[in-house]
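*Asks:* Supplied structure: structure33.cif, mmCIF, C-alpha atoms.
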```cif
data_protein
#
loop_
_atom_site.label_atom_id
_atom_site.label_comp_id
_atom_site.auth_asym_id
_atom_site.auth_seq_id
_atom_site.Cartn_x
_atom_site.Cartn_y
_atom_site.Cartn_z
CA MET Y 1 17.99 15.91 19.36
CA SER Y 2 15.43 13.33 18.28
CA SER Y 3 15.24 9.67 19.25
CA LEU Y 4 12.84 6.77 19.56
CA THR Y 5 12.97 3.66 21.74
CA VAL Y 6 10.98 0.74 20.35
CA ALA Y 7 10.09 -2.16 22.63
CA LEU Y 8 9.68 -5.16 20.33
CA PRO Y 9 7.37 -8.14 20.98
CA ASP Y 10 10.40 -10.45 21.40
CA GLY Y 11 11.64 -8.42 24.39
CA ARG Y 12 14.38 -6.47 22.60
CA GLU Y 13 14.60 -2.70 22.69
CA LEU Y 14 15.93 -0.62 19.82
CA VAL Y 15 17.13 2.92 20.39
CA LEU Y 16 16.92 4.83 17.13
CA SER Y 17 17.89 8.36 16.12
CA GLY Y 18 15.59 10.72 14.27
CA VAL Y 19 16.66 11.71 10.76
CA ASP Y 20 17.21 15.45 10.43
CA GLY Y 21 14.12 17.14 9.11
CA GLN Y 22 12.08 13.93 9.19
CA ALA Y 23 11.45 13.45 12.91
CA PRO Y 24 10.25 15.79 15.67
CA PRO Y 25 12.61 16.83 18.49
CA GLY Y 26 12.63 14.99 21.80
CA HIS Y 27 12.71 11.38 22.92
CA ARG Y 28 9.77 9.03 22.45
CA HIS Y 29 9.12 5.51 23.68
CA VAL Y 30 6.67 3.11 22.00
CA ARG Y 31 5.79 -0.53 22.42
CA ALA Y 32 5.32 -2.56 19.25
CA LEU Y 33 2.41 -4.95 19.51
CA SER Y 34 2.23 -8.11 17.45
CA GLY Y 35 3.11 -7.71 13.80
CA ILE Y 36 0.16 -7.00 11.50
CA GLN Y 37 2.02 -7.62 8.24
CA ASP Y 38 5.23 -9.31 7.15
CA ASN Y 39 6.55 -8.33 3.73
CA TYR Y 40 9.64 -9.65 1.99
CA ASN Y 41 11.54 -6.56 3.14
CA SER Y 42 9.79 -5.24 6.25
CA THR Y 43 7.60 -5.95 9.27
CA ILE Y 44 4.64 -3.75 10.17
CA TYR Y 45 3.64 -3.38 13.83
CA GLN Y 46 0.64 -1.67 15.33
CA SER Y 47 1.36 0.37 18.43
CA SER Y 48 -0.14 2.91 20.80
CA GLY Y 49 1.09 5.37 23.36
CA LEU Y 50 2.57 8.03 21.08
CA ASP Y 51 0.81 11.20 22.20
CA GLY Y 52 -2.29 9.06 22.69
CA LYS Y 53 -2.45 8.13 19.01
CA ASN Y 54 -2.72 4.70 17.45
CA ILE Y 55 0.28 4.33 15.20
CA VAL Y 56 2.00 1.94 12.83
CA LEU Y 57 5.72 1.14 12.84
CA LYS Y 58 7.26 0.02 9.57
CA MET Y 59 10.55 -1.68 10.45
CA CYS Y 60 13.08 -2.54 7.78
CA ALA Y 61 16.65 -3.81 8.18
CA GLU Y 62 19.57 -4.55 5.88
CA PRO Y 63 19.72 -5.70 3.14
CA TYR Y 64 16.49 -3.73 2.62
CA PHE Y 65 17.42 -0.63 4.60
CA GLU Y 66 17.66 1.51 1.46
CA ASP Y 67 14.05 0.61 0.59
CA VAL Y 68 12.64 2.14 3.77
CA LYS Y 69 15.05 5.08 3.53
CA TYR Y 70 13.75 5.84 0.02
CA GLU Y 71 10.14 5.45 1.12
CA ALA Y 72 10.63 7.82 4.06
CA GLU Y 73 12.13 10.42 1.71
CA VAL Y 74 9.19 9.99 -0.67
CA TYR Y 75 6.72 10.58 2.17
CA HIS Y 76 8.70 13.66 3.21
CA THR Y 77 8.78 15.17 -0.28
CA LEU Y 78 6.57 13.90 -3.12
CA LEU Y 79 3.76 12.60 -0.89
CA ARG Y 80 3.75 15.40 1.69
CA PRO Y 81 0.71 17.17 0.11
CA PHE Y 82 -1.31 13.94 0.31
CA GLN Y 83 -0.61 12.92 3.90
CA GLY Y 84 -3.82 12.41 5.84
CA THR Y 85 -5.97 12.11 2.71
CA ILE Y 86 -4.56 9.71 0.13
CA VAL Y 87 -1.70 8.34 2.26
CA PRO Y 88 -1.18 8.14 6.05
CA THR Y 89 0.35 11.01 7.97
CA VAL Y 90 3.99 10.24 8.78
CA LEU Y 91 5.08 11.12 12.32
CA GLY Y 92 8.80 10.47 11.96
CA PHE Y 93 11.62 8.45 10.45
CA TYR Y 94 14.28 6.94 12.70
CA VAL Y 95 17.41 4.90 12.03
CA GLY Y 96 19.86 2.84 14.06
CA GLU Y 97 21.44 -0.58 14.37
CA GLU Y 98 20.47 -3.97 15.68
CA GLU Y 99 22.30 -7.23 16.26
CA ALA Y 100 21.45 -10.01 13.84
CA PRO Y 101 22.70 -13.58 13.29
CA LEU Y 102 25.49 -14.02 10.78
CA ASP Y 103 24.46 -15.74 7.59
CA SER Y 104 26.63 -18.72 6.56
CA GLU Y 105 28.72 -16.73 4.05
CA THR Y 106 29.44 -13.90 6.48
CA ALA Y 107 30.20 -16.36 9.27
CA ALA Y 108 32.73 -18.14 7.05
CA ASP Y 109 34.45 -14.83 6.29
CA ALA Y 110 34.60 -14.03 9.98
CA ARG Y 111 36.13 -17.39 10.84
CA GLY Y 112 38.70 -16.96 8.09
CA SER Y 113 39.76 -13.47 9.16
CA ALA Y 114 39.48 -13.72 12.93
CA GLY Y 115 39.92 -17.43 13.59
CA LYS Y 116 36.33 -17.93 14.72
CA GLY Y 117 32.94 -16.35 14.06
CA LYS Y 118 31.07 -14.72 16.92
CA GLY Y 119 27.72 -15.49 15.33
CA ARG Y 120 26.35 -11.94 15.48
CA ARG Y 121 26.71 -8.77 13.42
CA LYS Y 122 25.41 -5.22 13.36
CA ARG Y 123 22.98 -4.19 10.67
CA ARG Y 124 21.20 -0.91 9.92
CA VAL Y 125 17.52 -0.54 10.77
CA GLY Y 126 14.99 2.06 9.67
CA CYS Y 127 11.58 2.77 11.17
CA ILE Y 128 8.79 4.86 9.65
CA VAL Y 129 6.24 5.96 12.25
CA GLN Y 130 2.85 6.81 10.78
CA GLU Y 131 -0.75 7.20 11.86
CA TYR Y 132 -2.91 4.09 11.99
CA CYS Y 133 -5.38 4.25 9.09
CA GLY Y 134 -6.97 0.83 9.34
CA MET Y 135 -6.17 -2.73 8.35
CA LEU Y 136 -5.17 -3.99 4.94
CA ILE Y 137 -8.10 -4.86 2.73
CA ASP Y 138 -8.80 -8.25 1.22
CA LYS Y 139 -7.84 -8.75 -2.41
CA ILE Y 140 -9.32 -6.32 -4.92
CA ALA Y 141 -11.54 -8.97 -6.53
CA ASN Y 142 -13.44 -9.33 -3.25
CA GLN Y 143 -14.29 -5.62 -2.95
CA SER Y 144 -17.62 -4.18 -4.08
CA LEU Y 145 -17.75 -2.21 -7.31
CA ASP Y 146 -18.24 1.05 -5.41
CA ASP Y 147 -15.22 0.33 -3.21
CA ARG Y 148 -13.06 -0.61 -6.18
CA TYR Y 149 -13.99 2.70 -7.76
CA GLU Y 150 -13.10 4.63 -4.58
CA ILE Y 151 -9.67 2.96 -4.52
CA LEU Y 152 -9.13 3.79 -8.19
CA LYS Y 153 -9.98 7.43 -7.53
CA GLN Y 154 -7.27 7.61 -4.85
CA ILE Y 155 -4.73 6.11 -7.26
CA GLY Y 156 -5.90 8.46 -9.99
CA ARG Y 157 -5.31 11.49 -7.77
CA LEU Y 158 -1.66 10.49 -7.46
CA HIS Y 159 -1.40 10.07 -11.23
CA ARG Y 160 -2.88 13.51 -11.81
CA ALA Y 161 -0.17 14.84 -9.50
CA GLY Y 162 2.51 13.13 -11.59
CA LEU Y 163 3.14 10.06 -9.41
CA HIS Y 164 2.91 6.36 -10.24
CA MET Y 165 2.83 3.46 -7.79
CA THR Y 166 2.58 -0.29 -8.30
CA VAL Y 167 -0.78 -1.54 -7.02
CA ASP Y 168 -0.89 -4.98 -5.43
CA LEU Y 169 -4.17 -6.62 -6.48
CA SER Y 170 -4.03 -8.80 -3.38
CA GLY Y 171 -4.65 -5.64 -1.34
CA ASN Y 172 -1.23 -5.48 0.34
CA ASN Y 173 -0.78 -1.73 -0.16
CA ILE Y 174 -4.32 -0.48 0.51
CA VAL Y 175 -5.85 0.08 3.95
CA ARG Y 176 -9.33 1.11 5.01
CA GLY Y 177 -9.98 3.14 8.13
CA ASP Y 178 -12.93 3.18 10.51
CA ASP Y 179 -14.11 6.24 8.58
CA GLY Y 180 -14.42 4.10 5.46
CA VAL Y 181 -11.68 6.01 3.63
CA PHE Y 182 -9.14 4.02 1.63
CA ARG Y 183 -5.51 5.07 1.84
CA LEU Y 184 -2.49 3.86 -0.07
CA VAL Y 185 0.66 2.54 1.63
CA HIS Y 186 4.08 1.07 0.74
CA PHE Y 187 5.91 3.32 -1.71
CA GLN Y 188 9.33 1.73 -2.22
CA ASP Y 189 8.81 1.94 -5.98
CA LEU Y 190 6.99 5.29 -6.32
CA GLN Y 191 8.12 7.13 -9.44
CA ARG Y 192 7.43 10.44 -11.12
CA HIS Y 193 5.01 10.01 -14.00
CA ALA Y 194 3.92 12.49 -16.66
CA CYS Y 195 0.36 11.18 -16.83
CA PRO Y 196 -1.63 12.17 -19.94
CA TRP Y 197 -4.95 10.91 -18.51
CA ASP Y 198 -7.72 13.56 -18.41
CA GLY Y 199 -9.25 12.39 -15.12
CA ASP Y 200 -12.34 10.67 -16.54
CA TRP Y 201 -12.64 6.99 -15.53
CA HIS Y 202 -15.69 6.37 -17.76
CA MET Y 203 -17.15 4.50 -14.81
CA GLY Y 204 -19.91 2.04 -15.82
CA GLU Y 205 -19.48 2.78 -19.50
CA SER Y 206 -18.14 0.58 -22.25
CA ALA Y 207 -14.35 0.41 -22.17
CA PRO Y 208 -12.85 3.41 -23.98
CA GLU Y 209 -10.07 2.98 -26.49
CA LEU Y 210 -6.59 3.21 -25.02
CA ALA Y 211 -5.82 6.05 -27.43
CA GLN Y 212 -8.68 7.98 -25.84
CA PHE Y 213 -7.81 7.05 -22.26
CA LYS Y 214 -4.08 7.76 -22.87
CA CYS Y 215 -2.51 6.35 -19.68
CA THR Y 216 -1.62 2.69 -20.18
CA ALA Y 217 -0.98 2.01 -16.48
CA LEU Y 218 -4.38 3.33 -15.35
CA TYR Y 219 -6.13 1.73 -18.33
CA GLU Y 220 -4.85 -1.72 -17.39
CA LEU Y 221 -5.69 -1.08 -13.74
CA ALA Y 222 -9.26 -0.07 -14.60
CA GLN Y 223 -9.63 -3.29 -16.56
CA GLU Y 224 -8.35 -5.31 -13.58
CA PHE Y 225 -10.77 -3.46 -11.26
CA GLY Y 226 -13.71 -4.26 -13.57
CA ILE Y 227 -15.34 -0.81 -13.72
CA TRP Y 228 -16.26 -0.98 -17.43
CA LYS Y 229 -18.96 -2.88 -19.24
CA HIS Y 230 -17.81 -5.89 -21.16
CA HIS Y 231 -17.93 -5.72 -24.93
CA GLN Y 232 -19.76 -9.03 -25.21
CA PHE Y 233 -23.40 -9.48 -24.21
CA ALA Y 234 -23.96 -10.56 -20.62
CA VAL Y 235 -26.37 -13.33 -19.69
CA VAL Y 236 -29.15 -13.53 -17.16
CA VAL Y 237 -30.62 -16.68 -15.63
CA ILE Y 238 -34.42 -16.70 -15.19
CA GLN Y 239 -36.08 -19.78 -13.71
CA GLY Y 240 -33.15 -21.95 -14.74
CA GLN Y 241 -33.01 -20.69 -18.35
CA THR Y 242 -30.08 -18.62 -19.69
CA TYR Y 243 -30.80 -15.64 -21.94
CA LEU Y 244 -28.69 -12.97 -23.59
CA ASP Y 245 -29.07 -9.68 -21.70
CA VAL Y 246 -28.44 -6.62 -23.85
CA ARG Y 247 -29.50 -4.14 -21.19
CA THR Y 248 -27.09 -4.64 -18.30
CA SER Y 249 -23.41 -4.81 -17.57
CA ALA Y 250 -21.70 -7.92 -16.27
CA HIS Y 251 -21.48 -6.66 -12.69
CA GLU Y 252 -25.24 -6.02 -12.67
CA VAL Y 253 -25.85 -9.58 -13.90
CA VAL Y 254 -23.91 -10.96 -10.94
CA GLU Y 255 -26.44 -9.33 -8.62
CA THR Y 256 -29.32 -10.67 -10.78
CA ARG Y 257 -28.01 -14.23 -10.42
CA LYS Y 258 -27.96 -13.87 -6.66
CA THR Y 259 -31.69 -13.03 -6.61
CA PRO Y 260 -33.78 -16.20 -6.25
CA SER Y 261 -36.55 -16.78 -8.79
CA PRO Y 262 -40.07 -16.26 -7.44
#
```
Would you write out, as structure tokens, the structure that this file holds?
*Replies:*
Amino acid sequence: MSSLTVALPDGRELVLSGVDGQAPPGHRHVRALSGIQDNYNSTIYQSSGLDGKNIVLKMCAEPYFEDVKYEAEVYHTLLRPFQGTIVPTVLGFYVGEEEAPLDSETAADARGSAGKGKGRRKRRVGCIVQEYCGMLIDKIANQSLDDRYEILKQIGRLHRAGLHMTVDLSGNNIVRGDDGVFRLVHFQDLQRHACPWDGDWHMGESAPELAQFKCTALYELAQEFGIWKHHQFAVVVIQGQTYLDVRTSAHEVVETRKTPSP
């Protein structure tokens, strides 16, 4: 028997049942602190008190229940070898029901069939419990070149294992822990992927041809992350004058511009 009681910030308590094979035996009680992320289909809470560990609760209710159910299954199967390294370690998946307000269409149906609507209905809820691996990063464009490369390497490891995820360039599915390690989160759309890429990012080089790189998804991502030299000449500003710079890449020029002239 496996169950989880979640004390929510609004004072409600949800009693959820562990899914067979995806939750440890016994009863656990956790208190959800304030939400740290609201997505279109889920709310993410930070929590503590589960065997002394800092944890994250990903709560998802109908009509998006199937999203979190799929993600929990993905963590349990395809992502199991990468838990704790590329993705967070999952500590359990629990399901149950909660009361929710009727939407206008459902309320009208209830009034028509029962004479009056009661204003509340039951809906399914799923909760993925996982280790806390840090806060979401800022958008990719604001990360340093070295950090962008580290994130790409994590994504590339999944591709080499035959898995493809959609990467949010605003940083909404990448976290960074106190140890400095980036981990990937949110896998509602993870798919198997026969990736032909050979594992070489060509970091800091001129952009390879797509035919050489082979994986279109990673090629476009590498372009977005800006790890390749631009084909055109960069410029450098020296004492207010702009010159063509044939020696450096664009990201090096950015640092040059930040250095004040003597």
*Asks:* Show which residues sit within 10 Å of segment 215-228 of chain Y, as number ranges by chain. Count all atoms listed in the file, and ignore same-chain residues fewer than 6 positions away.
*Replies:* Y: 140-141, 143-149, 151-152, 155-156, 159, 164-167, 169, 194-198, 201-209, 249-251
*Asks:* I'd like the interatomic distance between atom CA of Ile36 of chain Y and atom CA of Met135 of chain Y, to a tenth of an Å.
*Replies:*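 Pair atom CA of Ile36 of chain Y / atom CA of Met135 of chain Y returns 8.3 Å.
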*Asks:* Can you work out which one of Y:Glu150, Y:Asp138, Y:Glu73, Y:Asp168 has the shortest atom-to-atom distance to Gln22 of chain Y, counting all atoms listed in the file?
*Replies:* Y:Glu73
*Asks:* Record the distance separating atom CA of Cys60 of chain Y and atom CA of Ser2 of chain Y, expressed in Å with one decimal.
*Replies:*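 The value is 19.2 Å.
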*Asks:* So, with only C-alpha atoms as the atoms that count, which of Y:Arg192, Y:Arg12, Y:Arg123, Y:Lys214 lies closest to Gly96 of chain Y?
*Replies:* Y:Arg123
*Asks:* Return the single residue from Y:Glu13, Y:Glu131, Y:Asp38, Y:Glu71 that is closest to Thr85 of chain Y, with distances computed using all atoms listed in the file.
*Replies:*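 The answer is Y:Glu131, which sits nearest to Thr85 of chain Y.
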*Asks:* Report, in Å to a single decimal, how far apart atom CA of Phe187 of chain Y and atom CA of Tyr75 of chain Y are.
*Replies:*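 Separation between atom CA of Tyr75 of chain Y and atom CA of Phe187 of chain Y: 8.3 Å.
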*Asks:* I need the residue set behind the PyMOL selection byres ((chain Y and resi 15) around 7) for this file; please write it as an NGL selection string.
*Replies:* :Y and (4-6 or 13-14 or 16-17 or 96)
*Asks:* Go ahead and write the residues just picked, C-alpha atoms, as an mmCIF file, in the coordinates of the input.
*Replies:*
```cif
data_model
loop_
_atom_site.group_PDB
_atom_site.id
_atom_site.type_symbol
_atom_site.label_atom_id
_atom_site.label_comp_id
_atom_site.auth_asym_id
_atom_site.auth_seq_id
_atom_site.Cartn_x
_atom_site.Cartn_y
_atom_site.Cartn_z
ATOM 1 C CA LEU Y 4 12.840 6.770 19.560
ATOM 2 C CA THR Y 5 12.970 3.660 21.740
ATOM 3 C CA VAL Y 6 10.980 0.740 20.350
ATOM 4 C CA GLU Y 13 14.600 -2.700 22.690
ATOM 5 C CA LEU Y 14 15.930 -0.620 19.820
ATOM 6 C CA LEU Y 16 16.920 4.830 17.130
ATOM 7 C CA SER Y 17 17.890 8.360 16.120
ATOM 8 C CA GLY Y 96 19.860 2.840 14.060
#
```
*Asks:* Env of Gln130 of chain Y: 6 Å cut, atoms = all atoms listed in the file, seq-sep filter 2 positions within chain, self excluded. Answer as an MDAnalysis selection string.
*Replies:* chainID Y and resid 55:56 89:91
